[in-house]
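**Student:** I'd like to ask you about the structure that follows.
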Amino acid sequence: MAALVRPRDGRVIGGVCAALARRFGTSATTMRVIFVASCLLPGPQFVLYLALWLLLPSEKSAKPAW
């Protein structure tokens, strides 16, 4: 399993769904559909998304070779 970091590529809004998809070995589209479907249920989904957006570190960019 990959580390839980927000990737630089594949982000739509904050990269949270892309990070969770990498972590659990699924596609980002699948994770986004799961998130949107979960928003139809009662609960703090948006608050959790915002918290993960703030708490998950962003993937570091590649260092230049020079």
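So you can find residues: chains in the structure tokens are A, B, ... in the order shown, residues in each start at 1, and ligands are numbered from 1 in order.
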Near range 12-25 of chain A, within 7 Å and counting only C-alpha atoms, which residues show up once chain neighbours fewer than 6 positions away are dropped, as a PDB file with N, CA, C and O atoms, in the first residue's frame?
**Tutor:**
ATOM      1  N   MET A   1       0.837  -1.190   0.000  1.00  0.00           N
ATOM      2  CA  MET A   1       0.000   0.000   0.000  1.00  0.00           C
ATOM      3  C   MET A   1       0.875   1.243   0.000  1.00  0.00           C
ATOM      4  O   MET A   1       1.899   1.289   0.645  1.00  0.00           O
ATOM      5  N   ALA A   2       0.424   2.247  -0.718  1.00  0.00           N
ATOM      6  CA  ALA A   2       1.169   3.497  -0.833  1.00  0.00           C
ATOM      7  C   ALA A   2       0.930   4.373   0.396  1.00  0.00           C
ATOM      8  O   ALA A   2      -0.034   4.193   1.128  1.00  0.00           O
ATOM      9  N   ALA A   3       1.827   5.311   0.593  1.00  0.00           N
ATOM     10  CA  ALA A   3       1.672   6.260   1.700  1.00  0.00           C
ATOM     11  C   ALA A   3       0.473   7.157   1.429  1.00  0.00           C
ATOM     12  O   ALA A   3       0.077   7.375   0.283  1.00  0.00           O
ATOM     13  N   LEU A   4      -0.100   7.681   2.479  1.00  0.00           N
ATOM     14  CA  LEU A   4      -1.285   8.524   2.349  1.00  0.00           C
ATOM     15  C   LEU A   4      -0.853   9.976   2.203  1.00  0.00           C
ATOM     16  O   LEU A   4      -0.709  10.714   3.168  1.00  0.00           O
ATOM     17  N   VAL A   5      -0.596  10.379   0.960  1.00  0.00           N
ATOM     18  CA  VAL A   5      -0.238  11.750   0.618  1.00  0.00           C
ATOM     19  C   VAL A   5      -1.071  12.176  -0.581  1.00  0.00           C
ATOM     20  O   VAL A   5      -1.441  11.359  -1.417  1.00  0.00           O
ATOM     21  N   ARG A   6      -1.379  13.464  -0.656  1.00  0.00           N
ATOM     22  CA  ARG A   6      -2.140  13.989  -1.788  1.00  0.00           C
ATOM     23  C   ARG A   6      -1.217  14.123  -2.987  1.00  0.00           C
ATOM     24  O   ARG A   6      -0.228  14.849  -2.933  1.00  0.00           O
ATOM     25  N   MET A  31     -13.293   6.109  -6.249  1.00  0.00           N
ATOM     26  CA  MET A  31     -13.309   6.755  -4.938  1.00  0.00           C
ATOM     27  C   MET A  31     -14.202   7.994  -4.958  1.00  0.00           C
ATOM     28  O   MET A  31     -14.911   8.259  -3.985  1.00  0.00           O
ATOM     29  N   ARG A  32     -14.197   8.725  -6.051  1.00  0.00           N
ATOM     30  CA  ARG A  32     -15.051   9.918  -6.153  1.00  0.00           C
ATOM     31  C   ARG A  32     -16.530   9.536  -6.184  1.00  0.00           C
ATOM     32  O   ARG A  32     -17.359  10.198  -5.560  1.00  0.00           O
ATOM     33  N   LEU A  52      -9.305  16.137   5.933  1.00  0.00           N
ATOM     34  CA  LEU A  52      -8.254  15.389   5.244  1.00  0.00           C
ATOM     35  C   LEU A  52      -7.474  16.282   4.291  1.00  0.00           C
ATOM     36  O   LEU A  52      -6.261  16.136   4.136  1.00  0.00           O
ATOM     37  N   TRP A  53      -8.153  17.216   3.655  1.00  0.00           N
ATOM     38  CA  TRP A  53      -7.488  18.151   2.752  1.00  0.00           C
ATOM     39  C   TRP A  53      -6.453  18.970   3.519  1.00  0.00           C
ATOM     40  O   TRP A  53      -5.346  19.211   3.040  1.00  0.00           O
TER      41      TRP A  53
END
**Student:** Counting only C-alpha atoms, figure out which residue out of A:Gly43, A:Glu59, A:Ala51, A:Gly10 gets nearest to Thr29 in chain A.
**Tutor:** A:Gly10
**Student:** Would you list, as an MDAnalysis selection string, the residues of chain A that end up in helix (DSSP H, G or I) under DSSP run on this structure's backbone?
**Tutor:** chainID A and resid 16:24 28:38 45:55
**Student:** As an exercise, work out the distance from CA of Ala28 in chain A to CA of Leu56 in chain A in Å and give it to one decimal place.
**Tutor:** 16.3 Å
